[in-house]
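Shown here: my_file-v9.cif, mmCIF, N, CA and C atoms.
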```
data_protein
#
loop_
_atom_site.label_atom_id
_atom_site.label_comp_id
_atom_site.auth_asym_id
_atom_site.auth_seq_id
_atom_site.Cartn_x
_atom_site.Cartn_y
_atom_site.Cartn_z
N MET N 6 0.84 -1.18 0.00
CA MET N 6 0.00 0.00 0.00
C MET N 6 0.89 1.25 0.00
N GLN N 7 0.47 2.26 -0.76
CA GLN N 7 1.21 3.51 -0.85
C GLN N 7 0.23 4.66 -0.61
N TYR N 8 0.65 5.61 0.22
CA TYR N 8 -0.18 6.80 0.44
C TYR N 8 0.70 7.96 0.87
N PHE N 9 0.10 9.15 0.88
CA PHE N 9 0.83 10.37 1.21
C PHE N 9 0.25 11.00 2.47
N VAL N 10 1.14 11.58 3.27
CA VAL N 10 0.75 12.33 4.45
C VAL N 10 1.18 13.77 4.20
N VAL N 11 0.21 14.68 4.17
CA VAL N 11 0.49 16.09 3.96
C VAL N 11 0.21 16.81 5.29
N MET N 12 1.26 17.36 5.90
CA MET N 12 1.12 18.08 7.16
C MET N 12 0.97 19.56 6.86
N ILE N 13 -0.18 20.11 7.26
CA ILE N 13 -0.48 21.52 7.03
C ILE N 13 -0.40 22.25 8.36
N ASP N 14 0.32 23.37 8.36
CA ASP N 14 0.52 24.16 9.58
C ASP N 14 -0.42 25.36 9.56
N TYR N 15 -1.31 25.44 10.56
CA TYR N 15 -2.26 26.54 10.67
C TYR N 15 -1.80 27.59 11.67
N GLY N 16 -0.55 27.56 12.04
CA GLY N 16 -0.01 28.53 12.99
C GLY N 16 -0.53 28.28 14.39
N ARG N 17 -1.13 29.29 14.98
CA ARG N 17 -1.63 29.17 16.36
C ARG N 17 -2.74 28.13 16.49
N ARG N 18 -3.46 27.90 15.40
CA ARG N 18 -4.57 26.95 15.45
C ARG N 18 -4.11 25.50 15.39
N GLY N 19 -2.83 25.29 15.20
CA GLY N 19 -2.30 23.92 15.21
C GLY N 19 -1.97 23.40 13.83
N ARG N 20 -1.85 22.09 13.74
CA ARG N 20 -1.50 21.42 12.49
C ARG N 20 -2.53 20.36 12.17
N GLU N 21 -2.57 20.01 10.90
CA GLU N 21 -3.47 18.96 10.44
C GLU N 21 -2.72 18.05 9.49
N ALA N 22 -2.84 16.76 9.72
CA ALA N 22 -2.26 15.78 8.80
C ALA N 22 -3.37 15.25 7.91
N VAL N 23 -3.19 15.44 6.62
CA VAL N 23 -4.17 14.93 5.66
C VAL N 23 -3.64 13.58 5.18
N VAL N 24 -4.39 12.54 5.50
CA VAL N 24 -3.99 11.18 5.14
C VAL N 24 -5.18 10.53 4.44
N ASP N 25 -5.02 10.20 3.19
CA ASP N 25 -6.07 9.56 2.42
C ASP N 25 -5.42 8.51 1.53
N PRO N 26 -5.65 7.24 1.81
CA PRO N 26 -5.00 6.18 1.03
C PRO N 26 -5.35 6.21 -0.46
N GLU N 27 -6.44 6.87 -0.82
CA GLU N 27 -6.87 6.87 -2.21
C GLU N 27 -6.30 8.05 -3.01
N ILE N 28 -5.63 8.98 -2.35
CA ILE N 28 -5.09 10.15 -3.05
C ILE N 28 -3.74 9.79 -3.68
N THR N 29 -3.57 10.22 -4.91
CA THR N 29 -2.34 9.92 -5.65
C THR N 29 -1.39 11.11 -5.58
N ARG N 30 -0.18 10.88 -6.03
CA ARG N 30 0.81 11.95 -6.09
C ARG N 30 0.31 13.09 -6.97
N ARG N 31 -0.28 12.73 -8.09
CA ARG N 31 -0.81 13.72 -9.02
C ARG N 31 -1.89 14.57 -8.34
N GLU N 32 -2.72 13.95 -7.52
CA GLU N 32 -3.77 14.68 -6.80
C GLU N 32 -3.18 15.61 -5.75
N VAL N 33 -2.12 15.18 -5.07
CA VAL N 33 -1.45 16.05 -4.09
C VAL N 33 -0.91 17.28 -4.80
N VAL N 34 -0.25 17.09 -5.94
CA VAL N 34 0.28 18.21 -6.71
C VAL N 34 -0.86 19.12 -7.15
N SER N 35 -1.94 18.54 -7.61
CA SER N 35 -3.10 19.30 -8.06
C SER N 35 -3.68 20.16 -6.94
N ARG N 36 -3.76 19.61 -5.75
CA ARG N 36 -4.32 20.35 -4.62
C ARG N 36 -3.38 21.48 -4.17
N ILE N 37 -2.10 21.30 -4.34
CA ILE N 37 -1.15 22.37 -4.01
C ILE N 37 -1.29 23.50 -5.03
N VAL N 38 -1.36 23.14 -6.31
CA VAL N 38 -1.49 24.14 -7.37
C VAL N 38 -2.79 24.93 -7.21
N SER N 39 -3.88 24.25 -6.86
CA SER N 39 -5.17 24.91 -6.73
C SER N 39 -5.26 25.79 -5.48
N GLY N 40 -4.32 25.61 -4.55
CA GLY N 40 -4.34 26.40 -3.33
C GLY N 40 -5.08 25.74 -2.19
N GLU N 41 -5.57 24.54 -2.41
CA GLU N 41 -6.27 23.81 -1.35
C GLU N 41 -5.31 23.47 -0.21
N TYR N 42 -4.09 23.10 -0.54
CA TYR N 42 -3.06 22.84 0.46
C TYR N 42 -2.12 24.04 0.50
N LYS N 43 -2.08 24.72 1.64
CA LYS N 43 -1.18 25.86 1.83
C LYS N 43 -0.41 25.64 3.12
N ASN N 44 0.68 26.36 3.29
CA ASN N 44 1.49 26.29 4.51
C ASN N 44 1.85 24.84 4.86
N ILE N 45 2.41 24.16 3.91
CA ILE N 45 2.75 22.74 4.08
C ILE N 45 4.03 22.62 4.89
N SER N 46 3.98 21.84 5.96
CA SER N 46 5.16 21.57 6.77
C SER N 46 6.02 20.49 6.12
N PHE N 47 5.36 19.41 5.74
CA PHE N 47 6.07 18.34 5.05
C PHE N 47 5.07 17.44 4.34
N ILE N 48 5.61 16.67 3.40
CA ILE N 48 4.84 15.64 2.69
C ILE N 48 5.65 14.37 2.75
N HIS N 49 5.05 13.34 3.31
CA HIS N 49 5.72 12.04 3.39
C HIS N 49 4.99 11.04 2.50
N GLU N 50 5.79 10.25 1.81
CA GLU N 50 5.24 9.15 1.02
C GLU N 50 5.50 7.87 1.78
N ILE N 51 4.44 7.15 2.07
CA ILE N 51 4.55 5.89 2.79
C ILE N 51 4.29 4.77 1.78
N ALA N 52 5.27 3.93 1.60
CA ALA N 52 5.15 2.81 0.68
C ALA N 52 5.67 1.56 1.38
N ASP N 53 4.82 0.56 1.44
CA ASP N 53 5.13 -0.67 2.16
C ASP N 53 5.49 -0.33 3.60
N ARG N 54 6.74 -0.52 3.97
CA ARG N 54 7.15 -0.24 5.35
C ARG N 54 8.17 0.89 5.44
N SER N 55 8.25 1.69 4.40
CA SER N 55 9.24 2.78 4.41
C SER N 55 8.54 4.14 4.28
N VAL N 56 9.19 5.14 4.83
CA VAL N 56 8.70 6.52 4.78
C VAL N 56 9.76 7.37 4.10
N GLU N 57 9.34 8.17 3.14
CA GLU N 57 10.27 9.05 2.44
C GLU N 57 9.71 10.46 2.44
N ASP N 58 10.56 11.42 2.76
CA ASP N 58 10.17 12.83 2.72
C ASP N 58 10.27 13.31 1.28
N VAL N 59 9.12 13.58 0.66
CA VAL N 59 9.07 14.00 -0.74
C VAL N 59 8.61 15.45 -0.88
N THR N 60 8.75 16.21 0.18
CA THR N 60 8.25 17.59 0.20
C THR N 60 8.85 18.42 -0.93
N GLU N 61 10.16 18.45 -1.03
CA GLU N 61 10.81 19.28 -2.05
C GLU N 61 10.44 18.85 -3.46
N ASP N 62 10.39 17.56 -3.70
CA ASP N 62 10.06 17.05 -5.04
C ASP N 62 8.66 17.45 -5.45
N ILE N 63 7.70 17.27 -4.56
CA ILE N 63 6.31 17.57 -4.91
C ILE N 63 6.09 19.08 -5.03
N LEU N 64 6.71 19.86 -4.15
CA LEU N 64 6.57 21.31 -4.27
C LEU N 64 7.21 21.82 -5.56
N ALA N 65 8.29 21.19 -5.99
CA ALA N 65 8.91 21.57 -7.26
C ALA N 65 7.99 21.23 -8.43
N GLU N 66 7.32 20.09 -8.35
CA GLU N 66 6.36 19.71 -9.40
C GLU N 66 5.20 20.68 -9.46
N ALA N 67 4.79 21.16 -8.29
CA ALA N 67 3.62 22.03 -8.21
C ALA N 67 3.94 23.48 -8.53
N ALA N 68 5.21 23.82 -8.61
CA ALA N 68 5.58 25.21 -8.88
C ALA N 68 5.09 25.61 -10.26
N LEU N 69 4.41 26.74 -10.31
CA LEU N 69 3.90 27.23 -11.58
C LEU N 69 5.04 27.86 -12.36
N PRO N 70 5.10 27.64 -13.64
CA PRO N 70 6.17 28.25 -14.42
C PRO N 70 5.99 29.76 -14.45
N GLU N 71 7.09 30.46 -14.31
CA GLU N 71 7.04 31.92 -14.35
C GLU N 71 7.04 32.37 -15.80
N ILE N 72 6.12 33.24 -16.11
CA ILE N 72 6.01 33.75 -17.46
C ILE N 72 6.65 35.13 -17.48
N ALA N 73 7.62 35.30 -18.33
CA ALA N 73 8.31 36.58 -18.41
C ALA N 73 7.35 37.64 -18.94
N THR N 74 7.39 38.79 -18.33
CA THR N 74 6.51 39.87 -18.76
C THR N 74 7.05 40.59 -19.99
N ASP N 75 8.29 40.35 -20.32
CA ASP N 75 8.88 40.97 -21.51
C ASP N 75 8.22 40.38 -22.75
N GLY N 76 7.53 41.21 -23.49
CA GLY N 76 6.93 40.77 -24.74
C GLY N 76 5.72 39.89 -24.59
N ALA N 77 5.15 39.82 -23.41
CA ALA N 77 4.01 38.94 -23.19
C ALA N 77 2.77 39.42 -23.93
N ASP N 78 2.54 40.74 -23.96
CA ASP N 78 1.35 41.28 -24.60
C ASP N 78 1.73 42.30 -25.68
N LEU N 79 2.65 41.95 -26.52
CA LEU N 79 3.08 42.89 -27.56
C LEU N 79 1.94 43.23 -28.51
N GLN N 80 1.15 42.24 -28.87
CA GLN N 80 0.05 42.49 -29.78
C GLN N 80 -0.98 43.41 -29.13
N ALA N 81 -1.31 43.16 -27.89
CA ALA N 81 -2.26 44.02 -27.18
C ALA N 81 -1.71 45.43 -27.04
N ASP N 82 -0.41 45.56 -26.80
CA ASP N 82 0.21 46.88 -26.70
C ASP N 82 0.11 47.63 -28.03
N ARG N 83 0.30 46.93 -29.13
CA ARG N 83 0.18 47.57 -30.45
C ARG N 83 -1.24 48.05 -30.70
N PHE N 84 -2.22 47.23 -30.35
CA PHE N 84 -3.62 47.63 -30.52
C PHE N 84 -3.96 48.84 -29.66
N ASP N 85 -3.48 48.84 -28.43
CA ASP N 85 -3.73 49.98 -27.54
C ASP N 85 -3.09 51.24 -28.09
N HIS N 86 -1.88 51.12 -28.58
CA HIS N 86 -1.18 52.27 -29.13
C HIS N 86 -1.91 52.80 -30.37
N ALA N 87 -2.33 51.90 -31.24
CA ALA N 87 -3.07 52.31 -32.45
C ALA N 87 -4.38 52.99 -32.07
N ARG N 88 -5.07 52.47 -31.08
CA ARG N 88 -6.32 53.08 -30.63
C ARG N 88 -6.07 54.47 -30.07
N ASP N 89 -5.01 54.62 -29.28
CA ASP N 89 -4.68 55.93 -28.72
C ASP N 89 -4.34 56.92 -29.83
N LEU N 90 -3.60 56.47 -30.83
CA LEU N 90 -3.27 57.36 -31.95
C LEU N 90 -4.51 57.81 -32.69
N SER N 91 -5.44 56.85 -32.89
CA SER N 91 -6.66 57.20 -33.62
C SER N 91 -7.51 58.19 -32.84
N LYS N 92 -7.47 58.15 -31.52
CA LYS N 92 -8.22 59.11 -30.70
C LYS N 92 -7.66 60.51 -30.90
N HIS N 93 -6.35 60.62 -30.98
CA HIS N 93 -5.72 61.93 -31.14
C HIS N 93 -5.91 62.49 -32.55
N GLU N 94 -5.99 61.62 -33.54
CA GLU N 94 -6.18 62.08 -34.91
C GLU N 94 -7.57 62.65 -35.12
N ARG N 95 -8.56 62.12 -34.43
CA ARG N 95 -9.95 62.56 -34.61
C ARG N 95 -10.17 63.96 -34.05
N VAL N 96 -9.40 64.34 -33.07
CA VAL N 96 -9.61 65.64 -32.41
C VAL N 96 -9.14 66.77 -33.23
#
```

Output the structure of this file as structure tokens.
Amino acid sequence: MQYFVVMIDYGRRGREAVVDPEITRREVVSRIVSGEYKNISFIHEIADRSVEDVTEDILAEAALPEIATDGADLQADRFDHARDLSKHERV
């Protein structure tokens, strides 16, 4: 049997261990990305009789890729500029 233990830290309110034998690694990553799991203390993978700390690996998988703002909306910027120019020409 394999399952994950996700320890969530609520600060003064304490901690909660989420243990569900039916949750997969993909589901843990999905819940982190969606924001359902926040302030994670650790994530342990329990398989057979061994425990492995997989916190860094899963958090790395869940990290959203950063999109560079350079050139992200060049087309929108051109349209805005053209619209602004047309406003000035009409006056």

query: Distance atom CA of Arg30 of chain N-atom CA of Asp14 of chain N, one decimal place?
result: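 The value is 19.9 Å.
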
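Our summary of the geometry notes that atom N of Ser46 of chain N is positioned 9.9 Å from atom N of Glu61 of chain N.
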
- prompt: Got a sec to tell me which of segment 6-95 of chain N DSSP assigns to strand (DSSP E), as a PyMOL selection string?
  reply: chain N and resi 7-14+20-24+45-52+55-58

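The residues returned by the PyMOL selection byres ((chain N and resi 42-44) around 8) for this structure are Met12, Ile13, Asp14, Tyr15, Gly16, Val33, Ser35, Arg36, Ile37, Val38, Ser39, Gly40, Glu41, Ile45, Ser46 and Phe47 of chain N.
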
field: Point (-5.2, 7.7, 7.2) neighbourhood (10 Å, only C-alpha atoms) written as a list of chain:residue names
entry: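 Applying the cut-off with only C-alpha atoms, one gets N:Tyr8, N:Phe9, N:Val10, N:Ala22, N:Val23, N:Val24, N:Asp25, N:Pro26, N:Glu27.
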
- prompt: Rounded to one decimal in Å, what is the spacing between atom C of Gly19 of chain N and atom N of Met6 of chain N?
  reply: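 Atom-to-atom, atom C of Gly19 of chain N to atom N of Met6 of chain N, that is 28.3 Å.
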
- request: Taking the file as shown, find all residues satisfying the PyMOL selection byres ((chain N and resi 52) around 8) and write them as a list in words.
  value: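 When the PyMOL selection byres ((chain N and resi 52) around 8) is applied to the shown file, the picked residues are Met6, Gln7, Tyr8, Phe9, His49, Glu50, Ile51, Asp53, Arg54, Ser55, Val56 and Glu57 of chain N.
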
message: Measuring between only C-alpha atoms, which one of N:Arg20, N:Ala67, N:Thr60, N:Ser91 shows the shortest distance to Glu32 of chain N?
response: N:Ala67

Mind listing the helix (DSSP H, G or I) residues of chain N, per DSSP on the backbone, as a PDB file with N, CA and C atoms, in the frame of the given file?
```
ATOM      1  N   GLY N  16      -0.550  27.560  12.040  1.00  0.00           N
ATOM      2  CA  GLY N  16      -0.010  28.530  12.990  1.00  0.00           C
ATOM      3  C   GLY N  16      -0.530  28.280  14.390  1.00  0.00           C
ATOM      4  N   ARG N  17      -1.130  29.290  14.980  1.00  0.00           N
ATOM      5  CA  ARG N  17      -1.630  29.170  16.360  1.00  0.00           C
ATOM      6  C   ARG N  17      -2.740  28.130  16.490  1.00  0.00           C
ATOM      7  N   ARG N  18      -3.460  27.900  15.400  1.00  0.00           N
ATOM      8  CA  ARG N  18      -4.570  26.950  15.450  1.00  0.00           C
ATOM      9  C   ARG N  18      -4.110  25.500  15.390  1.00  0.00           C
ATOM     10  N   ARG N  30      -0.180  10.880  -6.030  1.00  0.00           N
ATOM     11  CA  ARG N  30       0.810  11.950  -6.090  1.00  0.00           C
ATOM     12  C   ARG N  30       0.310  13.090  -6.970  1.00  0.00           C
ATOM     13  N   ARG N  31      -0.280  12.730  -8.090  1.00  0.00           N
ATOM     14  CA  ARG N  31      -0.810  13.720  -9.020  1.00  0.00           C
ATOM     15  C   ARG N  31      -1.890  14.570  -8.340  1.00  0.00           C
ATOM     16  N   GLU N  32      -2.720  13.950  -7.520  1.00  0.00           N
ATOM     17  CA  GLU N  32      -3.770  14.680  -6.800  1.00  0.00           C
ATOM     18  C   GLU N  32      -3.180  15.610  -5.750  1.00  0.00           C
ATOM     19  N   VAL N  33      -2.120  15.180  -5.070  1.00  0.00           N
ATOM     20  CA  VAL N  33      -1.450  16.050  -4.090  1.00  0.00           C
ATOM     21  C   VAL N  33      -0.910  17.280  -4.800  1.00  0.00           C
ATOM     22  N   VAL N  34      -0.250  17.090  -5.940  1.00  0.00           N
ATOM     23  CA  VAL N  34       0.280  18.210  -6.710  1.00  0.00           C
ATOM     24  C   VAL N  34      -0.860  19.120  -7.150  1.00  0.00           C
ATOM     25  N   SER N  35      -1.940  18.540  -7.610  1.00  0.00           N
ATOM     26  CA  SER N  35      -3.100  19.300  -8.060  1.00  0.00           C
ATOM     27  C   SER N  35      -3.680  20.160  -6.940  1.00  0.00           C
ATOM     28  N   ARG N  36      -3.760  19.610  -5.750  1.00  0.00           N
ATOM     29  CA  ARG N  36      -4.320  20.350  -4.620  1.00  0.00           C
ATOM     30  C   ARG N  36      -3.380  21.480  -4.170  1.00  0.00           C
ATOM     31  N   ILE N  37      -2.100  21.300  -4.340  1.00  0.00           N
ATOM     32  CA  ILE N  37      -1.150  22.370  -4.010  1.00  0.00           C
ATOM     33  C   ILE N  37      -1.290  23.500  -5.030  1.00  0.00           C
ATOM     34  N   VAL N  38      -1.360  23.140  -6.310  1.00  0.00           N
ATOM     35  CA  VAL N  38      -1.490  24.140  -7.370  1.00  0.00           C
ATOM     36  C   VAL N  38      -2.790  24.930  -7.210  1.00  0.00           C
ATOM     37  N   SER N  39      -3.880  24.250  -6.860  1.00  0.00           N
ATOM     38  CA  SER N  39      -5.170  24.910  -6.730  1.00  0.00           C
ATOM     39  C   SER N  39      -5.260  25.790  -5.480  1.00  0.00           C
ATOM     40  N   THR N  60       8.750  16.210   0.180  1.00  0.00           N
ATOM     41  CA  THR N  60       8.250  17.590   0.200  1.00  0.00           C
ATOM     42  C   THR N  60       8.850  18.420  -0.930  1.00  0.00           C
ATOM     43  N   GLU N  61      10.160  18.450  -1.030  1.00  0.00           N
ATOM     44  CA  GLU N  61      10.810  19.280  -2.050  1.00  0.00           C
ATOM     45  C   GLU N  61      10.440  18.850  -3.460  1.00  0.00           C
ATOM     46  N   ASP N  62      10.390  17.560  -3.700  1.00  0.00           N
ATOM     47  CA  ASP N  62      10.060  17.050  -5.040  1.00  0.00           C
ATOM     48  C   ASP N  62       8.660  17.450  -5.450  1.00  0.00           C
ATOM     49  N   ILE N  63       7.700  17.270  -4.560  1.00  0.00           N
ATOM     50  CA  ILE N  63       6.310  17.570  -4.910  1.00  0.00           C
ATOM     51  C   ILE N  63       6.090  19.080  -5.030  1.00  0.00           C
ATOM     52  N   LEU N  64       6.710  19.860  -4.150  1.00  0.00           N
ATOM     53  CA  LEU N  64       6.570  21.310  -4.270  1.00  0.00           C
ATOM     54  C   LEU N  64       7.210  21.820  -5.560  1.00  0.00           C
ATOM     55  N   ALA N  65       8.290  21.190  -5.990  1.00  0.00           N
ATOM     56  CA  ALA N  65       8.910  21.570  -7.260  1.00  0.00           C
ATOM     57  C   ALA N  65       7.990  21.230  -8.430  1.00  0.00           C
ATOM     58  N   GLU N  66       7.320  20.090  -8.350  1.00  0.00           N
ATOM     59  CA  GLU N  66       6.360  19.710  -9.400  1.00  0.00           C
ATOM     60  C   GLU N  66       5.200  20.680  -9.460  1.00  0.00           C
ATOM     61  N   ALA N  67       4.790  21.160  -8.290  1.00  0.00           N
ATOM     62  CA  ALA N  67       3.620  22.030  -8.210  1.00  0.00           C
ATOM     63  C   ALA N  67       3.940  23.480  -8.530  1.00  0.00           C
ATOM     64  N   LEU N  79       2.650  41.950 -26.520  1.00  0.00           N
ATOM     65  CA  LEU N  79       3.080  42.890 -27.560  1.00  0.00           C
ATOM     66  C   LEU N  79       1.940  43.230 -28.510  1.00  0.00           C
ATOM     67  N   GLN N  80       1.150  42.240 -28.870  1.00  0.00           N
ATOM     68  CA  GLN N  80       0.050  42.490 -29.780  1.00  0.00           C
ATOM     69  C   GLN N  80      -0.980  43.410 -29.130  1.00  0.00           C
ATOM     70  N   ALA N  81      -1.310  43.160 -27.890  1.00  0.00           N
ATOM     71  CA  ALA N  81      -2.260  44.020 -27.180  1.00  0.00           C
ATOM     72  C   ALA N  81      -1.710  45.430 -27.040  1.00  0.00           C
ATOM     73  N   ASP N  82      -0.410  45.560 -26.800  1.00  0.00           N
ATOM     74  CA  ASP N  82       0.210  46.880 -26.700  1.00  0.00           C
ATOM     75  C   ASP N  82       0.110  47.630 -28.030  1.00  0.00           C
ATOM     76  N   ARG N  83       0.300  46.930 -29.130  1.00  0.00           N
ATOM     77  CA  ARG N  83       0.180  47.570 -30.450  1.00  0.00           C
ATOM     78  C   ARG N  83      -1.240  48.050 -30.700  1.00  0.00           C
ATOM     79  N   PHE N  84      -2.220  47.230 -30.350  1.00  0.00           N
ATOM     80  CA  PHE N  84      -3.620  47.630 -30.520  1.00  0.00           C
ATOM     81  C   PHE N  84      -3.960  48.840 -29.660  1.00  0.00           C
ATOM     82  N   ASP N  85      -3.480  48.840 -28.430  1.00  0.00           N
ATOM     83  CA  ASP N  85      -3.730  49.980 -27.540  1.00  0.00           C
ATOM     84  C   ASP N  85      -3.090  51.240 -28.090  1.00  0.00           C
ATOM     85  N   HIS N  86      -1.880  51.120 -28.580  1.00  0.00           N
ATOM     86  CA  HIS N  86      -1.180  52.270 -29.130  1.00  0.00           C
ATOM     87  C   HIS N  86      -1.910  52.800 -30.370  1.00  0.00           C
ATOM     88  N   ALA N  87      -2.330  51.900 -31.240  1.00  0.00           N
ATOM     89  CA  ALA N  87      -3.070  52.310 -32.450  1.00  0.00           C
ATOM     90  C   ALA N  87      -4.380  52.990 -32.070  1.00  0.00           C
ATOM     91  N   ARG N  88      -5.070  52.470 -31.080  1.00  0.00           N
ATOM     92  CA  ARG N  88      -6.320  53.080 -30.630  1.00  0.00           C
ATOM     93  C   ARG N  88      -6.070  54.470 -30.070  1.00  0.00           C
ATOM     94  N   ASP N  89      -5.010  54.620 -29.280  1.00  0.00           N
ATOM     95  CA  ASP N  89      -4.680  55.930 -28.720  1.00  0.00           C
ATOM     96  C   ASP N  89      -4.340  56.920 -29.830  1.00  0.00           C
ATOM     97  N   LEU N  90      -3.600  56.470 -30.830  1.00  0.00           N
ATOM     98  CA  LEU N  90      -3.270  57.360 -31.950  1.00  0.00           C
ATOM     99  C   LEU N  90      -4.510  57.810 -32.690  1.00  0.00           C
ATOM    100  N   SER N  91      -5.440  56.850 -32.890  1.00  0.00           N
ATOM    101  CA  SER N  91      -6.660  57.200 -33.620  1.00  0.00           C
ATOM    102  C   SER N  91      -7.510  58.190 -32.840  1.00  0.00           C
ATOM    103  N   LYS N  92      -7.470  58.150 -31.520  1.00  0.00           N
ATOM    104  CA  LYS N  92      -8.220  59.110 -30.700  1.00  0.00           C
ATOM    105  C   LYS N  92      -7.660  60.510 -30.900  1.00  0.00           C
ATOM    106  N   HIS N  93      -6.350  60.620 -30.980  1.00  0.00           N
ATOM    107  CA  HIS N  93      -5.720  61.930 -31.140  1.00  0.00           C
ATOM    108  C   HIS N  93      -5.910  62.490 -32.550  1.00  0.00           C
ATOM    109  N   GLU N  94      -5.990  61.620 -33.540  1.00  0.00           N
ATOM    110  CA  GLU N  94      -6.180  62.080 -34.910  1.00  0.00           C
ATOM    111  C   GLU N  94      -7.570  62.650 -35.120  1.00  0.00           C
ATOM    112  N   ARG N  95      -8.560  62.120 -34.430  1.00  0.00           N
ATOM    113  CA  ARG N  95      -9.950  62.560 -34.610  1.00  0.00           C
ATOM    114  C   ARG N  95     -10.170  63.960 -34.050  1.00  0.00           C
TER     115      ARG N  95
END
```
